[in-house]
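Trainee: The structure under discussion is supplied below as structure tokens; questions concerning it will follow.
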Amino acid sequence: MKYTIFTTLALFGLTMASQAQQQPTDSLEGKKVVLDEVFVSAIRVTKKSPVTFSNLTKEDIKPRNLGQDIPILMNFLPSVVTTSDAGAGVGYTGIRVRGSDATRVNVTINGIPYNDAESQGTFWVNMPDFASSVGSLEIQRGVGSSANGAGAFGASVNIKSQNPSDKAYFEANNSVGSFNTFKHSLSFGTGLLKEHFKVDARLSKISSDGYIDRASSNLKSYFLQGSYIDDNTLIKGLVFGGHEITYQSWNGVDPATLKTDRTFNSAGVLYDVNGDVKGFYDNEVDNYKQDHAQLHWNQRYSDNLSSNIALHYTYGRGFYEQYKQALNYDANWNLIGAVPIANQNENNTDYIRRKWLKNNFYGITYNLNYKNTNWDILLGGAWNQYKGDHFGEAIWSRFAGNGEITSRLYDNYGNKDDFNLFAKATFKVNEQLSLFADLQNRNVSYKANGVQVNLVDDNFNFFNPKAGFNYKFNNTNSLYFSYARAQREPNRTDYENGNPKPEKLNDFELGWRYNTSTVKVNTNVYYMAYQDQLALTGAIDNTGSPIRANIGESYRLGLEVDAAIKITDYLSTTPNLTLSQNKNVDFKETDGAIVTKLGNTNISYSPNIIMGNAINLKPTNNLNIALLSKYVGSQFMSNNELSASKLDGYFVNDLNINYKIETKTIFKSIILSGLVNNIFNEKYVSNGYMWGSTPYYFPQSGTNFLLGVTLKF
């Protein structure tokens with residue numbers, strides 16, 4: 001009965017903050033220039049743009065910001081599916097948009113690329129609690145507008161850090177929850193000093209045991225921002241970063257274990273001579289630090305002309321550690337020059353290895369914006385360089401050899417240069433019609449070597465045009481259409497597992513926006529036609545990286561609807577619905593010399609239906625209650641529709657309560673927050689992979705909670 005009720009609510013009252021799509025984010029309004037918004041104007045869009053998007057503001061994020069990662073906070077946006085390795089939203093988390101995984105979702109922070117240049121993935125765990133320093137977040141679905149970094153093949157996530165505060169403040173945020181989850185965060189701002197200077201800072205610590213056995217997280221982060229501003233100039237410097245230590249929970253569980261012990265974690269398992277589990281290695285961890293520095297200079301030259309230039313640098317370093325049992329000397333140990341000890345008969349040895357990654361990523365982005373009554377012209381570009389070192393070390397072995405302590409199991413590199421130029425223009429033909437054009441040229445050079453791959457030396461030049469229009473019928477209705485071309489290069493794992501080709505995408509978007517004081521509806525139909533799409537196969541390689549492969553022709557055809565409905569002054573709902581078909585065209589499976597034609601099959605990890613909803617009840621100005629619902633339909637983990645690779649659909653509901661206490665003591669206010677996730681204790685799986693013909697699943701937590709208190713001074 002409860003599922004029938006809440007399914008009905010999801011259908012009639014189906015994501016959070018979708019109404020923000022209706023709010024203008026123009027950085028220039030007549031002669032008033034909001035300089036702090038200029039540096040994201042190159043990649044942000046507005047309701048006048050022929051682009052499908054949704055926004056989250058800082059106020060939208062705050063009620064649920066109790067320690068879970070940014071993808072989990074975006075879970076209720078249209079076409080979004082999220083997952084958590086540890087099962088409760090802390091630690092390694094992931095996101096898919098329209099069925100496209102994180103390697104195909106372009107992420108920028110203040111216009112600076114965040115995706116790892118080599119893997120193209122986004123590792124949110126390296127920025128714990130960055131949500132507390134987010135000013136706003138925009139997700140553009142489809143190709144979107146030109147952005148820095150790897151091309152968007154499913155979506156773009158454009159994050160803007162918080163605006164410097166005009167008033168001095170101090171906040172203490174603390175939360176506690178299931179699985180020994182704790183979050184402690186202190187933030188402060190100086191306010192405006194000497195009419196020109198502002199400083200904001202944050203320190204955070206998050207820890208959790210995780211829902212999955214030993215899937216612990218120990219996360220620390222910092223954020224420091226200093227600004228100088230006058231009438232025509234904004235100079236902003238930021239440094240932020242994090243240190244994560246997470247016990248590995250990447251292996252998942254097989255079907256039999258899912259039924260009997262769904263929280264079992266095989267990472268670090270130690271076996272006795274009979275093959276029985278005798279214990280677990282206590283330091284099977286991922287240990288990584290990442291620091292970011294950004295310097296932005298925004299300048300207004302006149303009411304019509306402004307510019308932005310930004311320098312950035314990211315330094316990452318860390319390793320994951322593994323206890324390896326019974327590895328053959330000839331196959332592995334001789335890589336560091338070790339041989340069996342004299343008179344020893346053992347052909348194998350146990351040892352502990354660390355697989356290291358050290359990288360430097362730096363570059364410059366720039367743009368020039370001219371805007372008058374009819375024209376909005378933006379010229380810009382970026383140059384970025386990545387240098388990565390990949391190496392392995394053995395820090396202990398059961399049987400010693402003649403290898404030196406400084407010897408390495410392997411020592412490889414990956415270097416990448418990325419340069420792009422773009423020009424965007426919006427022309428207002430009249431009060432009803434505006435035209436949009438966007439031309440980007442991107443050049444990529446990639447050189448790498450590795451254990452699994454010979455030397456890579458590839459160069460790509462991509463020309464990506466975009467065009468569209470927006471037609472405003474009246475103050476209530478508008479229509480838009482756009483076409484966008486995207487191309488992108490393979491990543492490191494693609495080269496390690498084959499001879500990949502770059503992929504191409506033609507994206508068509510047709511949308512209608514309806515806007516009144518009580519009802520806002522955004523509807524769009526999309527058709528994404530791919531050539532040589534590098535789709536997930538569902539398999540992983542022997543290092544645990546997901547394997548992708550070119551799949552020839554494929555497409556995604558879908559309908560997205562999201563709305564914001566004000567029922568009364570104290571009751572509102574923000575539903576969204578995605579219906580789609582995601583198909584490989586004439587898919588062929590190759591096994592050696594045997595080619596099997598399977599016809600049109602479903603693209604992996606692409607559910608045909610996704611629904612979300614937030615029902616918000618605000619009986620008083622200080623109390624807000626939200627029921628959050630999410631339904632994700634069934635999906636395959638492979639492109640051949642193997643029955644064993646099917647993930648069942650799931651329907652999950654969360655309850656979020658916030659109460660603000662105004663005080664006249666030392667505190668300005670006290671905010672109490674509560675979040676009960678999965679209130680109906682749904683036993684569900686949000687992700688998995690195939691090892692041969694055997695599926696492995698990542699089960700998510702049943703009912704769990706987080707409680708928080710924010711003290712504002």
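Each chain in the structure tokens gets a letter, A, B and so on, in the order shown; residues start at 1 in every chain, and ligands are counted from 1 in the order they appear.
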Could you name the residues that touch Asn420 of chain A at 10 Å or less, counting only C-alpha atoms, but leaving out those on the same chain fewer than 4 positions away, as a list in words?

Mentor: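 Near Asn420 of chain A, the qualifying residues are Ser146, Ala147, Asn148, Gly149, Thr365, Gly380, Gly381, Ala382, Trp383, Asn384, Gln440, Asn441, Arg442, Asn443, Val444, Asn461, Phe462 and Phe463 of chain A.
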
Trainee: Find the spatial neighbours of Leu534 of chain A, counting only C-alpha atoms, within a cut-off of 10 Å - ignore same-chain residues fewer than 5 positions away - and output them as a PyMOL selection string.

Mentor: chain A and resi 104+488-491+494+500-504+547-552

Trainee: Could you please write out, as a PyMOL selection string, every residue of segment 530-681 of chain A that DSSP assigns to strand (DSSP E or B)?

Mentor: chain A and resi 530-531+534-540+546-550+553-566+571-573+576-591+594-602+609-620+623-632+635-636+646-647+650-662+669-677

Trainee: Excluding segment 566-579 of chain A and its own-chain neighbours fewer than 6 positions away, which residues fall within 10 Å of it when counting only C-alpha atoms? Please give them as a ChimeraX atom specification.

Mentor: /A:9-19,76-80,98,517-525,557-560,607-621,624-633

Trainee: Output as a Markdown table one row per residue of segment 247-323 of chain A within 7 Å of segment 369-374 of chain A: the closest atom pair and its distance in Å to one decimal place, counting only C-alpha atoms, sorted by chain and residue number ascending.

Mentor:
```
| residue | atom | partner | partner_atom | distance |
| --- | --- | --- | --- | --- |
| A:Asn304 | CA | A:Lys371 | CA | 4.9 |
| A:Leu305 | CA | A:Tyr370 | CA | 4.6 |
| A:Ser306 | CA | A:Asn369 | CA | 5.3 |
| A:Ser307 | CA | A:Asn369 | CA | 5.9 |
```

Trainee: So that I can check the surroundings of Tyr514 of chain A, please list as an MDAnalysis selection string every protein, DNA and RNA residue that reaches within 12 Å of it, counting only C-alpha atoms and ignoring chain neighbours fewer than 5 positions away.

Mentor: chainID A and resid 19 21:22 47 472:480 519:524 561:565

Trainee: Using DSSP assignments from the backbone, pull out every residue in segment 157-328 of chain A that falls under alpha helix (DSSP H) and give it to me as a ChimeraX atom specification.

Mentor: /A:255-260

Trainee: For Leu647 of chain A, please output as a PyMOL selection string all residues within 8 Å (counting only C-alpha atoms; exclusion window: fewer than 6 positions along the same chain).

Mentor: chain A and resi 634-637+685-688

Trainee: Which residues are close to segment 660-673 of chain A, i.e. within 6 Å by only C-alpha atoms, leaving aside same-chain residues fewer than 4 positions away? Reply as JSON, numbers by chain.

Mentor: {"A": [622, 707, 708, 709, 710, 711, 712, 713]}

Trainee: Thr57 of chain A: which residues within 7 Å, counting only C-alpha atoms, same-chain residues fewer than 5 positions away excluded, as a PDB file with N, CA and C atoms, in the first residue's frame?

Mentor:
```
ATOM      1  N   GLY A 135      28.499  28.016  -4.143  1.00  0.00           N
ATOM      2  CA  GLY A 135      27.531  29.103  -4.219  1.00  0.00           C
ATOM      3  C   GLY A 135      26.340  28.744  -5.072  1.00  0.00           C
ATOM      4  N   SER A 136      26.601  28.060  -6.187  1.00  0.00           N
ATOM      5  CA  SER A 136      25.535  27.580  -7.068  1.00  0.00           C
ATOM      6  C   SER A 136      26.098  26.477  -7.949  1.00  0.00           C
ATOM      7  N   LEU A 137      25.198  25.682  -8.493  1.00  0.00           N
ATOM      8  CA  LEU A 137      25.582  24.544  -9.332  1.00  0.00           C
ATOM      9  C   LEU A 137      24.592  24.456 -10.478  1.00  0.00           C
TER      10      LEU A 137
END
```

Trainee: Calculated over only C-alpha atoms, which of the candidates A:Ala644, A:Leu409, A:Ile112, A:Val45 has the smallest distance to Asp376 of chain A?

Mentor: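 The answer is A:Val45, which sits nearest to Asp376 of chain A.
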
Trainee: In terms of the shortest atom-to-atom distance over only C-alpha atoms, which of A:Gly87, A:Glu431, A:Ala150, A:Asp586 is closest to Asp417 of chain A?

Mentor: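 Nearest to Asp417 of chain A: A:Ala150.
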
Trainee: Nearest to Phe53 of chain A: which of A:Gln294, A:Ser145, A:Thr426, A:Thr493 is it, counting only C-alpha atoms?

Mentor: A:Ser145

Trainee: Give me, please, the distance in Å between atom CA of Glu641 of chain A and atom CA of Ser604 of chain A, quoted to one decimal.

Mentor: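 A separation of 8.2 Å between them.
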
Trainee: May I ask which of the residues A:Leu73, A:Ser482, A:Val456, A:Asn274 is the closest one to Gly498 of chain A, counting only C-alpha atoms?

Mentor: A:Val456

Trainee: As an exercise, work out the distance from atom CA of Ser580 of chain A to atom CA of Gly692 of chain A in Å and give it to one decimal place.

Mentor: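 Calculated distance between atom CA of Ser580 of chain A and atom CA of Gly692 of chain A is 28.2 Å.
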
Trainee: Between A:Thr52, A:Asn449, A:Asn106, A:Thr190, which residue has the minimum interatomic distance to Gly468 of chain A, considering only C-alpha atoms?

Mentor: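 Nearest to Gly468 of chain A: A:Thr52.
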
Trainee: Kindly indicate which residue among A:Ile95, A:Leu224, A:Leu192, A:Leu675 lies nearest to Gly154 of chain A, using only C-alpha atoms for the distances.

Mentor: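 Going through A:Ile95, A:Leu224, A:Leu192, A:Leu675 one by one, the smallest distance to Gly154 of chain A is for A:Ile95.
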